[in-house]
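Report on one structure; see the data block that follows.
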Amino acid sequence: MNRSSILVPIFVAALGLAAVGAIIVLQRHASDSRRDELSLSKAQTDLEALQSAPFQATSGTGGSPQLAAELMRTGEGQIAETLAELRRHDPPQALEELRAPLNANYSALGRIYKIGETSTSYGPDADRLAGIATKLQVAVAALLSEAGRTYQSRAARADLEAEVGTAVAIMLLLAAFGVLYRKNTGLLESSRQEALSDALTGLGNRRALRADLAAGIARASLEQPLMLGLLDLDGFKQYNDTFGHPAGDALLARLSGRLRESLQGTALVYRMGGDEFCVLGRVGPEASLEIVRGAAAALSESGETFKISCSYGSALMPGEASSAEDALHLADQRMYAQKVGSASAGRQSSDVLLKVLSERSSTLETHVSSVGQLARLVAGLLDLPEAEQERIQLAAQLHDIGKTAIPDSLLNKPGKLSPKEWEYMHSHTLIGERILLAAPSLAQTAALVRSSHECLDGTGYPDGLSGDQIPIGSRIIAVCDAFDAMTSTRPYSAAIPVSDALTELQRESGAQFDPAIVERFTALAKDLRLDLHQKAA
């Protein structure tokens with residue numbers, strides 16, 4: 001899961017929480033304003049009750065000073081508590097203006113209380129003070145009403161903001177959920193595509209092929225048949241073993257892109273797995289073979305040291321097969337028959353060349369046969385893949401094929417060769433490569449033959465390669481070739497004992513020869529000591 005797929009739902013959840021929180025705050029503001037409005041109404045009621053409290057002090061009216069004082073203290077206390085609470089949260093200006101008239105009102109009421117406390121009747125002074133208190137009460141009531149209107153306005157505004165905020169929050173949440181829905185829809189589509197696609201090449205996979213086959217067969221007819229073609233790369237395993245799996249993956253991706261482009265608009269393409277591909281299209285019988293051949297051409301590539309070709313087979317539905325299983329089986333049979341024929345052609349090519357060597361010189365035939373056997377054994381000791389062992393053995397058998405173009409007088413010259421003669425002799429690896437490249441199936445073998453006389457320290461020929469630049473098959477052939485040459489009688493040199501030949505290999509280990517290969521070859525020679533000794537004798 002990528003980062004965006006995690007952040008989007010987190011963002012939606014955060015937005016939802018923020019929206020809910022904002023709505024709650026706005027609703028609380030409205031509720032607080034309505035509550036404050038009610039508190040003001042209570043303060044007005046308490047103020048009205050307070051106005052008559054001082055007149056309860058005289059005994060002439062059936063009251064008492066204690067009762068009046070208690071009523072006044074209670075009323076003033078309730079009003080003070082209400083106003084103190086209101087002033088804690090952004091009080092309106094009217095509440096601040098209330099202080100002076102309210103205190104003056106309390107003063108007038110207090111003076112009325114004093115008159116009633118000491119007399120049995122209130123008289124003119126009390127009436128005058130009552131008029132003053134009434135005017136002050138009206139002023140206070142007007143300020144309380146003004147504050148009440150402010151709270152009422154605040155409540156109405158908060159209600160409106162809550163409604164608008166709720167609408168905006170709902171819209172934002174709907175938009176966020178829309179984004180999340182599209183994101184999830186995209187992820188689902190991506191997952192579906194991944195389930196139907198090959199991860200390396202992007203082509204359809206077996207699952208996609210089965211689905212498209214089922215749909216295609218249902219619409220196929222003799223007039224508009226469905227063509228299924230299977231294609232399998234030839235030489236890919238050797239390419240993978242030689243250049244490594246990352247290079248093999250890059251080759252598959254490159255060939256797949258070429259295949260898709262070549263058949264775009266004509267047929268659907270799939271990777272079945274490994275180096276096997278499939279094409280599916282609604283074409284006529286005449287065009288089906290042309291399409292499969294075009295697909296095979298797109299899946300072919302060659303270089304100086306490799307050649308990738310493609311075997312193929314096809315089947316038409318419903319004309320040649322009535323079901324997907326039958327079509328796959330028939331196409332596979334035809335592809336395998338072509339592959340076997342191609343392999344046979346390659347084997348025939350190498351057999352012809354080996355026959356040429358034997359006809360040219362029995363000494364060369366014996367030498368290359370011995371080198372081939374030794375090279376195959378050493379490759380096995382190095383745990384190389386079976387196919388690579390076979391390729392190295394064949395290259396070892398054909399490593400001197402270029403000498404068929406060298407005159408016998410030079411090949412069998414008993415004395416030393418001149419510099420020009422050496423230069424000519426050294427060209428036999430290049431000649432051998434050119435001969436082998438004439439047979440496409442021997443392209444990879446040609447590369448090993450070209451480098452079979454390179455030295456680890458870079459002093460060999462024809463390219464002066466060194467170390468790991470030299471293919472491991474060529475390094476194996478170099479050791480086996482040198483050993484067989486030293487332990488065989490030649491027109492220009494006598495055979496030496498096996499022990500001396502092994503000593504010479506050890507002396508050149510790290511310079512002319514790969515030390516790891518010399519070590520494996522020495523162990524092999526000890527296992528075959530009797531046979532090799534008899535040969536040297």
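Ordered as shown in the structure tokens, chains take letters A, B, and onward, while each chain numbers its residues from 1 and ligands are numbered from 1 in the order shown.
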
Alpha helix (DSSP H) positions in stretch 236-316 of chain A, given as an MDAnalysis selection string = chainID A and resid 236:243 245:262 285:298

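Using only C-alpha atoms, the contacts of A:Ser452 at a cut-off of 8 Å, with sequence neighbours closer than 4 positions omitted, comprise His399, Thr429, Leu448, Ser474, Arg475, Ile477 and Ala478 of chain A.
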
Counting only C-alpha atoms, which residues of stretch 445-519 of chain A sit at most 12 Å from some atom of stretch 435-440 of chain A, and what is each one's closest atom pair with its distance in Å to one decimal, listed by chain and rising residue number, as JSON lines?
```
{"residue": "A:Thr445", "atom": "CA", "partner": "A:Leu436", "partner_atom": "CA", "distance": 7.4}
{"residue": "A:Ala446", "atom": "CA", "partner": "A:Leu436", "partner_atom": "CA", "distance": 5.4}
{"residue": "A:Ala447", "atom": "CA", "partner": "A:Leu437", "partner_atom": "CA", "distance": 9.0}
{"residue": "A:Leu448", "atom": "CA", "partner": "A:Leu436", "partner_atom": "CA", "distance": 10.6}
{"residue": "A:Val449", "atom": "CA", "partner": "A:Leu436", "partner_atom": "CA", "distance": 8.8}
{"residue": "A:Arg450", "atom": "CA", "partner": "A:Leu436", "partner_atom": "CA", "distance": 10.0}
```

Excluding stretch 293-307 of chain A and any residue of its chain fewer than 4 positions from it, enumerate the residues within 9 Å of it, using only C-alpha atoms, and give them as a compact mmCIF listing (two decimals) with N, CA and C atoms, in the first residue's frame.
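out_1.txt written:
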```txt
# COMPACT_ATOMS: atom_id res chain seq x y z
N LEU A 231 4.03 -19.33 -28.01
CA LEU A 231 5.40 -19.02 -28.42
C LEU A 231 6.34 -19.27 -27.27
N ASP A 232 7.47 -19.88 -27.53
CA ASP A 232 8.46 -20.20 -26.50
C ASP A 232 9.84 -19.78 -26.98
N LEU A 233 10.56 -19.02 -26.13
CA LEU A 233 11.87 -18.51 -26.52
C LEU A 233 12.89 -19.65 -26.57
N ASP A 234 13.72 -19.63 -27.57
CA ASP A 234 14.83 -20.58 -27.70
C ASP A 234 16.12 -19.86 -27.37
N GLY A 235 16.89 -20.43 -26.44
CA GLY A 235 18.17 -19.83 -26.06
C GLY A 235 18.08 -18.92 -24.85
N PHE A 236 16.86 -18.76 -24.28
CA PHE A 236 16.74 -17.84 -23.14
C PHE A 236 17.43 -18.38 -21.90
N GLN A 238 20.11 -20.24 -21.67
CA GLN A 238 21.55 -20.00 -21.78
C GLN A 238 21.87 -18.53 -21.58
N TYR A 239 20.99 -17.65 -22.08
CA TYR A 239 21.20 -16.21 -21.90
C TYR A 239 21.15 -15.87 -20.41
N LEU A 251 15.61 -8.45 -20.64
CA LEU A 251 15.36 -8.95 -22.00
C LEU A 251 13.88 -9.30 -22.18
N LEU A 252 13.29 -9.98 -21.18
CA LEU A 252 11.87 -10.35 -21.27
C LEU A 252 10.99 -9.11 -21.36
N ARG A 254 11.86 -6.19 -22.51
CA ARG A 254 12.10 -5.55 -23.81
C ARG A 254 11.35 -6.29 -24.92
N LEU A 255 11.45 -7.60 -24.95
CA LEU A 255 10.78 -8.40 -25.98
C LEU A 255 9.26 -8.30 -25.84
N SER A 256 8.77 -8.24 -24.60
CA SER A 256 7.32 -8.13 -24.38
C SER A 256 6.78 -6.82 -24.93
N GLY A 257 7.52 -5.74 -24.69
CA GLY A 257 7.10 -4.45 -25.24
C GLY A 257 7.06 -4.47 -26.76
N ARG A 258 8.06 -5.12 -27.35
CA ARG A 258 8.10 -5.23 -28.80
C ARG A 258 6.92 -6.07 -29.32
N LEU A 259 6.60 -7.14 -28.59
CA LEU A 259 5.48 -8.01 -28.99
C LEU A 259 4.17 -7.24 -28.93
N ARG A 260 3.96 -6.47 -27.84
CA ARG A 260 2.72 -5.70 -27.69
C ARG A 260 2.57 -4.69 -28.83
N GLU A 261 3.65 -4.00 -29.15
CA GLU A 261 3.59 -2.98 -30.21
C GLU A 261 3.31 -3.62 -31.57
N SER A 262 3.93 -4.76 -31.83
CA SER A 262 3.79 -5.38 -33.16
C SER A 262 2.37 -5.90 -33.41
N LEU A 263 1.65 -6.27 -32.33
CA LEU A 263 0.31 -6.84 -32.50
C LEU A 263 -0.80 -5.91 -32.02
N VAL A 279 -0.66 -15.50 -27.88
CA VAL A 279 -1.40 -14.44 -28.59
C VAL A 279 -2.80 -14.97 -28.89
N SER A 288 -3.75 -16.09 -39.69
CA SER A 288 -3.31 -16.56 -38.37
C SER A 288 -1.82 -16.90 -38.36
N LEU A 289 -1.35 -17.61 -39.39
CA LEU A 289 0.06 -17.99 -39.44
C LEU A 289 0.95 -16.76 -39.57
N SER A 311 10.20 -20.50 -30.99
CA SER A 311 9.39 -21.57 -31.59
C SER A 311 7.92 -21.25 -31.34
N TYR A 312 7.04 -21.67 -32.24
CA TYR A 312 5.64 -21.30 -32.10
C TYR A 312 4.73 -22.38 -32.69
N PRO A 440 22.78 -20.18 -36.97
CA PRO A 440 22.19 -19.41 -35.87
C PRO A 440 22.13 -20.16 -34.55
N SER A 441 21.94 -21.48 -34.60
CA SER A 441 21.83 -22.24 -33.37
C SER A 441 23.15 -22.34 -32.62
N LEU A 442 24.26 -21.97 -33.29
CA LEU A 442 25.59 -22.07 -32.66
C LEU A 442 26.15 -20.69 -32.29
N ALA A 443 25.29 -19.66 -32.25
CA ALA A 443 25.78 -18.29 -31.99
C ALA A 443 26.45 -18.18 -30.63
N GLN A 444 25.85 -18.78 -29.58
CA GLN A 444 26.43 -18.68 -28.25
C GLN A 444 27.69 -19.52 -28.14
N THR A 445 27.74 -20.62 -28.86
CA THR A 445 28.97 -21.43 -28.90
C THR A 445 30.10 -20.65 -29.55
N ALA A 446 29.78 -19.84 -30.56
CA ALA A 446 30.79 -19.05 -31.27
C ALA A 446 31.50 -18.09 -30.34
N ALA A 447 30.77 -17.51 -29.38
CA ALA A 447 31.38 -16.56 -28.44
C ALA A 447 32.43 -17.24 -27.58
N LEU A 448 32.17 -18.47 -27.15
CA LEU A 448 33.15 -19.20 -26.32
C LEU A 448 34.39 -19.56 -27.14
```

I'd like the contact shell of A:Pro318 - 12 Å cut-off, only C-alpha atoms, skipping same-chain residues fewer than 5 positions apart - returned as a compact mmCIF listing (two decimals) with all heavy atoms, in the first residue's frame.
```
# COMPACT_ATOMS: atom_id res chain seq x y z
N LEU A 213 -10.25 -16.19 -23.31
CA LEU A 213 -10.53 -17.39 -24.11
C LEU A 213 -11.99 -17.78 -24.00
O LEU A 213 -12.66 -18.06 -25.01
CB LEU A 213 -9.64 -18.55 -23.64
CG LEU A 213 -8.41 -18.88 -24.47
CD1 LEU A 213 -7.61 -19.99 -23.81
CD2 LEU A 213 -8.79 -19.26 -25.89
N GLY A 216 -14.01 -15.28 -25.90
CA GLY A 216 -13.75 -15.35 -27.34
C GLY A 216 -14.34 -16.58 -27.99
O GLY A 216 -14.88 -16.52 -29.11
N ILE A 217 -14.27 -17.73 -27.31
CA ILE A 217 -14.82 -18.97 -27.87
C ILE A 217 -16.33 -18.85 -28.05
O ILE A 217 -16.91 -19.37 -29.02
CB ILE A 217 -14.46 -20.16 -26.96
CG1 ILE A 217 -12.96 -20.45 -27.04
CG2 ILE A 217 -15.26 -21.40 -27.34
CD1 ILE A 217 -12.49 -21.54 -26.09
N ALA A 218 -16.98 -18.17 -27.10
CA ALA A 218 -18.44 -18.04 -27.17
C ALA A 218 -18.86 -17.28 -28.43
O ALA A 218 -19.96 -17.50 -28.94
CB ALA A 218 -18.96 -17.33 -25.92
N ARG A 219 -18.00 -16.40 -28.95
CA ARG A 219 -18.35 -15.59 -30.13
C ARG A 219 -17.72 -16.12 -31.41
O ARG A 219 -17.99 -15.61 -32.49
CB ARG A 219 -17.90 -14.13 -29.93
CG ARG A 219 -18.58 -13.45 -28.75
CD ARG A 219 -18.31 -11.95 -28.77
NE ARG A 219 -16.90 -11.66 -28.75
CZ ARG A 219 -16.19 -11.47 -27.64
NH1 ARG A 219 -16.79 -11.55 -26.46
NH2 ARG A 219 -14.91 -11.18 -27.70
N ALA A 220 -16.85 -17.13 -31.30
CA ALA A 220 -16.12 -17.63 -32.47
C ALA A 220 -17.03 -18.45 -33.38
O ALA A 220 -17.99 -19.09 -32.93
CB ALA A 220 -14.93 -18.47 -32.02
N SER A 221 -16.71 -18.43 -34.66
CA SER A 221 -17.45 -19.22 -35.64
C SER A 221 -16.48 -19.63 -36.74
O SER A 221 -15.34 -19.16 -36.79
CB SER A 221 -18.60 -18.39 -36.24
OG SER A 221 -18.08 -17.28 -36.96
N LEU A 222 -16.93 -20.51 -37.63
CA LEU A 222 -16.08 -20.95 -38.73
C LEU A 222 -15.74 -19.78 -39.64
O LEU A 222 -14.65 -19.73 -40.23
CB LEU A 222 -16.78 -22.06 -39.52
CG LEU A 222 -16.92 -23.41 -38.80
CD1 LEU A 222 -17.74 -24.38 -39.65
CD2 LEU A 222 -15.54 -24.00 -38.50
N GLU A 223 -16.65 -18.85 -39.78
CA GLU A 223 -16.40 -17.68 -40.64
C GLU A 223 -15.45 -16.69 -39.94
O GLU A 223 -14.64 -16.05 -40.60
CB GLU A 223 -17.72 -16.97 -40.98
CG GLU A 223 -18.66 -17.79 -41.85
CD GLU A 223 -19.35 -18.90 -41.07
OE1 GLU A 223 -19.41 -18.81 -39.82
OE2 GLU A 223 -19.80 -19.88 -41.72
N GLN A 224 -15.56 -16.57 -38.63
CA GLN A 224 -14.70 -15.68 -37.86
C GLN A 224 -14.10 -16.47 -36.69
O GLN A 224 -14.53 -16.36 -35.55
CB GLN A 224 -15.48 -14.48 -37.33
CG GLN A 224 -15.88 -13.48 -38.42
CD GLN A 224 -16.50 -12.24 -37.82
OE1 GLN A 224 -17.33 -12.33 -36.92
NE2 GLN A 224 -16.10 -11.08 -38.32
N PRO A 225 -13.10 -17.29 -36.98
CA PRO A 225 -12.53 -18.15 -35.93
C PRO A 225 -11.66 -17.35 -34.95
O PRO A 225 -11.24 -16.23 -35.23
CB PRO A 225 -11.67 -19.14 -36.73
CG PRO A 225 -11.28 -18.39 -37.95
CD PRO A 225 -12.45 -17.51 -38.29
N LEU A 226 -11.39 -17.96 -33.82
CA LEU A 226 -10.50 -17.40 -32.80
C LEU A 226 -9.18 -18.13 -32.90
O LEU A 226 -9.14 -19.37 -32.83
CB LEU A 226 -11.11 -17.57 -31.41
CG LEU A 226 -10.32 -16.99 -30.25
CD1 LEU A 226 -10.28 -15.46 -30.33
CD2 LEU A 226 -10.92 -17.42 -28.90
N MET A 227 -8.10 -17.37 -33.10
CA MET A 227 -6.76 -17.97 -33.22
C MET A 227 -6.01 -17.87 -31.89
O MET A 227 -5.97 -16.83 -31.26
CB MET A 227 -5.97 -17.23 -34.31
CG MET A 227 -4.56 -17.80 -34.55
SD MET A 227 -3.29 -17.11 -33.45
CE MET A 227 -3.31 -15.40 -33.93
N LEU A 228 -5.45 -19.00 -31.46
CA LEU A 228 -4.60 -19.04 -30.28
C LEU A 228 -3.21 -19.47 -30.70
O LEU A 228 -3.05 -20.51 -31.36
CB LEU A 228 -5.16 -20.00 -29.23
CG LEU A 228 -4.35 -20.13 -27.94
CD1 LEU A 228 -5.28 -20.27 -26.74
CD2 LEU A 228 -3.39 -21.32 -27.97
N ARG A 282 -9.02 -12.62 -33.30
CA ARG A 282 -10.09 -13.07 -34.20
C ARG A 282 -9.63 -12.77 -35.63
O ARG A 282 -9.76 -11.62 -36.10
CB ARG A 282 -11.40 -12.35 -33.87
CG ARG A 282 -11.93 -12.70 -32.48
CD ARG A 282 -13.13 -11.84 -32.12
NE ARG A 282 -14.24 -12.06 -33.03
CZ ARG A 282 -15.11 -13.06 -32.94
NH1 ARG A 282 -14.98 -13.94 -31.96
NH2 ARG A 282 -16.09 -13.20 -33.79
N GLY A 284 -8.81 -14.58 -39.77
CA GLY A 284 -9.09 -15.67 -40.69
C GLY A 284 -7.97 -16.67 -40.73
O GLY A 284 -6.84 -16.41 -40.30
N PRO A 285 -8.21 -17.87 -41.26
CA PRO A 285 -7.18 -18.92 -41.33
C PRO A 285 -5.93 -18.46 -42.08
O PRO A 285 -4.82 -18.85 -41.72
CB PRO A 285 -7.89 -20.07 -42.07
CG PRO A 285 -9.35 -19.81 -41.86
CD PRO A 285 -9.51 -18.33 -41.81
N SER A 323 -12.56 -26.55 -27.79
CA SER A 323 -12.47 -26.02 -26.43
C SER A 323 -11.11 -25.37 -26.23
O SER A 323 -10.17 -25.57 -27.01
CB SER A 323 -12.65 -27.14 -25.39
OG SER A 323 -11.56 -28.04 -25.43
N ALA A 324 -11.00 -24.60 -25.16
CA ALA A 324 -9.74 -23.93 -24.85
C ALA A 324 -8.64 -24.95 -24.58
O ALA A 324 -7.49 -24.79 -25.01
CB ALA A 324 -9.93 -23.01 -23.65
N ASP A 326 -8.37 -28.02 -25.72
CA ASP A 326 -7.95 -28.65 -26.97
C ASP A 326 -7.05 -27.72 -27.78
O ASP A 326 -6.05 -28.15 -28.36
CB ASP A 326 -9.18 -29.04 -27.80
CG ASP A 326 -9.97 -30.18 -27.18
OD1 ASP A 326 -9.40 -30.87 -26.30
OD2 ASP A 326 -11.15 -30.35 -27.54
N ALA A 327 -7.41 -26.43 -27.81
CA ALA A 327 -6.62 -25.46 -28.58
C ALA A 327 -5.22 -25.31 -27.98
O ALA A 327 -4.21 -25.28 -28.70
CB ALA A 327 -7.33 -24.11 -28.60
```

ask   = Quick one: residues within 12 Å of A:Arg34, only C-alpha atoms counted, chain neighbours fewer than 2 positions away excluded, as number ranges by chain?
value = A: 27-32, 36-41, 86, 147-159

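Atom pair atom CA of A:Ala315 / atom CA of A:Leu330: separated by 6.3 Å.
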
Quick one: which stretch 374-462 of chain A residues come within 8 Å of stretch 501-522 of chain A, and what is the nearest atom pair for each with the distance in Å to one decimal, counting only C-alpha atoms, rows ordered by chain and ascending number, as JSON lines?
```
{"residue": "A:Val378", "atom": "CA", "partner": "A:Phe521", "partner_atom": "CA", "distance": 6.2}
{"residue": "A:Leu381", "atom": "CA", "partner": "A:Arg520", "partner_atom": "CA", "distance": 6.8}
{"residue": "A:Leu382", "atom": "CA", "partner": "A:Arg520", "partner_atom": "CA", "distance": 7.6}
{"residue": "A:Glu454", "atom": "CA", "partner": "A:Gln512", "partner_atom": "CA", "distance": 8.0}
{"residue": "A:Cys455", "atom": "CA", "partner": "A:Gln512", "partner_atom": "CA", "distance": 4.5}
{"residue": "A:Leu456", "atom": "CA", "partner": "A:Gln512", "partner_atom": "CA", "distance": 5.1}
{"residue": "A:Asp457", "atom": "CA", "partner": "A:Ala511", "partner_atom": "CA", "distance": 5.0}
{"residue": "A:Thr459", "atom": "CA", "partner": "A:Gln512", "partner_atom": "CA", "distance": 7.8}
{"residue": "A:Gly460", "atom": "CA", "partner": "A:Gln512", "partner_atom": "CA", "distance": 7.9}
```

ask   = Running DSSP on the backbone, which parts of stretch 232-353 of chain A land in strand (DSSP E), as a PyMOL selection string?
value = chain A and resi 232-234+268-273+276-282+301-302+307-317

Selection above as a file: N, CA and C atoms, as a compact mmCIF listing (two decimals), in the first residue's frame:
```
# COMPACT_ATOMS: atom_id res chain seq x y z
N ASP A 232 7.47 -19.88 -27.53
CA ASP A 232 8.46 -20.20 -26.50
C ASP A 232 9.84 -19.78 -26.98
N LEU A 233 10.56 -19.02 -26.13
CA LEU A 233 11.87 -18.51 -26.52
C LEU A 233 12.89 -19.65 -26.57
N ASP A 234 13.72 -19.63 -27.57
CA ASP A 234 14.83 -20.58 -27.70
C ASP A 234 16.12 -19.86 -27.37
N LEU A 268 -4.50 -9.91 -28.87
CA LEU A 268 -4.13 -9.73 -27.46
C LEU A 268 -2.91 -10.58 -27.15
N VAL A 269 -2.05 -10.10 -26.25
CA VAL A 269 -0.81 -10.82 -25.94
C VAL A 269 -0.74 -11.12 -24.45
N TYR A 270 -0.13 -12.25 -24.11
CA TYR A 270 -0.06 -12.72 -22.73
C TYR A 270 1.32 -13.33 -22.47
N ARG A 271 1.72 -13.28 -21.21
CA ARG A 271 2.91 -14.05 -20.79
C ARG A 271 2.40 -15.18 -19.90
N MET A 272 2.69 -16.40 -20.36
CA MET A 272 2.20 -17.57 -19.64
C MET A 272 3.05 -17.89 -18.42
N GLY A 273 4.25 -17.33 -18.39
CA GLY A 273 5.20 -17.65 -17.33
C GLY A 273 6.53 -18.04 -17.93
N GLU A 276 7.53 -18.27 -21.93
CA GLU A 276 6.45 -18.72 -22.81
C GLU A 276 5.39 -17.62 -22.92
N PHE A 277 4.94 -17.36 -24.14
CA PHE A 277 3.97 -16.30 -24.42
C PHE A 277 2.79 -16.86 -25.20
N CYS A 278 1.74 -16.06 -25.29
CA CYS A 278 0.54 -16.49 -26.01
C CYS A 278 -0.07 -15.28 -26.70
N VAL A 279 -0.66 -15.50 -27.88
CA VAL A 279 -1.40 -14.44 -28.59
C VAL A 279 -2.80 -14.97 -28.89
N LEU A 280 -3.77 -14.06 -28.88
CA LEU A 280 -5.16 -14.44 -29.08
C LEU A 280 -5.82 -13.37 -29.95
N GLY A 281 -6.40 -13.81 -31.08
CA GLY A 281 -7.02 -12.83 -31.97
C GLY A 281 -8.08 -13.45 -32.85
N ARG A 282 -9.02 -12.62 -33.30
CA ARG A 282 -10.09 -13.07 -34.20
C ARG A 282 -9.63 -12.77 -35.63
N GLU A 301 15.87 -11.81 -30.78
CA GLU A 301 16.91 -10.79 -30.65
C GLU A 301 18.27 -11.48 -30.67
N SER A 302 19.27 -10.80 -31.19
CA SER A 302 20.61 -11.40 -31.24
C SER A 302 21.66 -10.33 -31.01
N LYS A 307 21.96 -15.35 -29.16
CA LYS A 307 20.89 -15.34 -30.15
C LYS A 307 19.64 -15.91 -29.50
N ILE A 308 18.58 -15.11 -29.45
CA ILE A 308 17.29 -15.55 -28.92
C ILE A 308 16.32 -15.67 -30.10
N SER A 309 15.83 -16.88 -30.32
CA SER A 309 14.83 -17.09 -31.36
C SER A 309 13.54 -17.58 -30.70
N CYS A 310 12.59 -18.02 -31.49
CA CYS A 310 11.29 -18.35 -30.92
C CYS A 310 10.62 -19.48 -31.70
N SER A 311 10.20 -20.50 -30.99
CA SER A 311 9.39 -21.57 -31.59
C SER A 311 7.92 -21.25 -31.34
N TYR A 312 7.04 -21.67 -32.24
CA TYR A 312 5.64 -21.30 -32.10
C TYR A 312 4.73 -22.38 -32.69
N GLY A 313 3.49 -22.33 -32.23
CA GLY A 313 2.45 -23.21 -32.76
C GLY A 313 1.11 -22.53 -32.55
N SER A 314 0.13 -22.83 -33.40
CA SER A 314 -1.16 -22.16 -33.29
C SER A 314 -2.30 -23.14 -33.56
N ALA A 315 -3.51 -22.71 -33.18
CA ALA A 315 -4.71 -23.50 -33.41
C ALA A 315 -5.89 -22.55 -33.60
N LEU A 316 -6.84 -22.96 -34.44
CA LEU A 316 -8.03 -22.15 -34.71
C LEU A 316 -9.25 -22.79 -34.05
N MET A 317 -10.09 -21.95 -33.47
CA MET A 317 -11.32 -22.42 -32.85
C MET A 317 -12.51 -21.73 -33.54
```

task = For A:Ser59, list every protein, DNA or RNA residue within 10 Å, evaluated using only C-alpha atoms, and leave out those in the same chain fewer than 3 positions away; present the list as a VMD selection string.
result = chain A and resid 55 to 56 62 to 65 116 to 121

query = Nearest to A:Arg206: which of A:Met335, A:Ala379, A:Ile470, A:Leu328 is it, counting only C-alpha atoms?
reply = A:Leu328

key: Contacts of stretch 91-104 of chain A within 6 Å, only C-alpha atoms, excl. fewer than 4 positions in-chain, as a ChimeraX atom specification   = /A:87,136,143,147

note = Among A:Gly274, A:Leu230, A:Leu17, A:Leu430, A:Val292 is approached most closely, using only C-alpha atoms, by A:Leu230
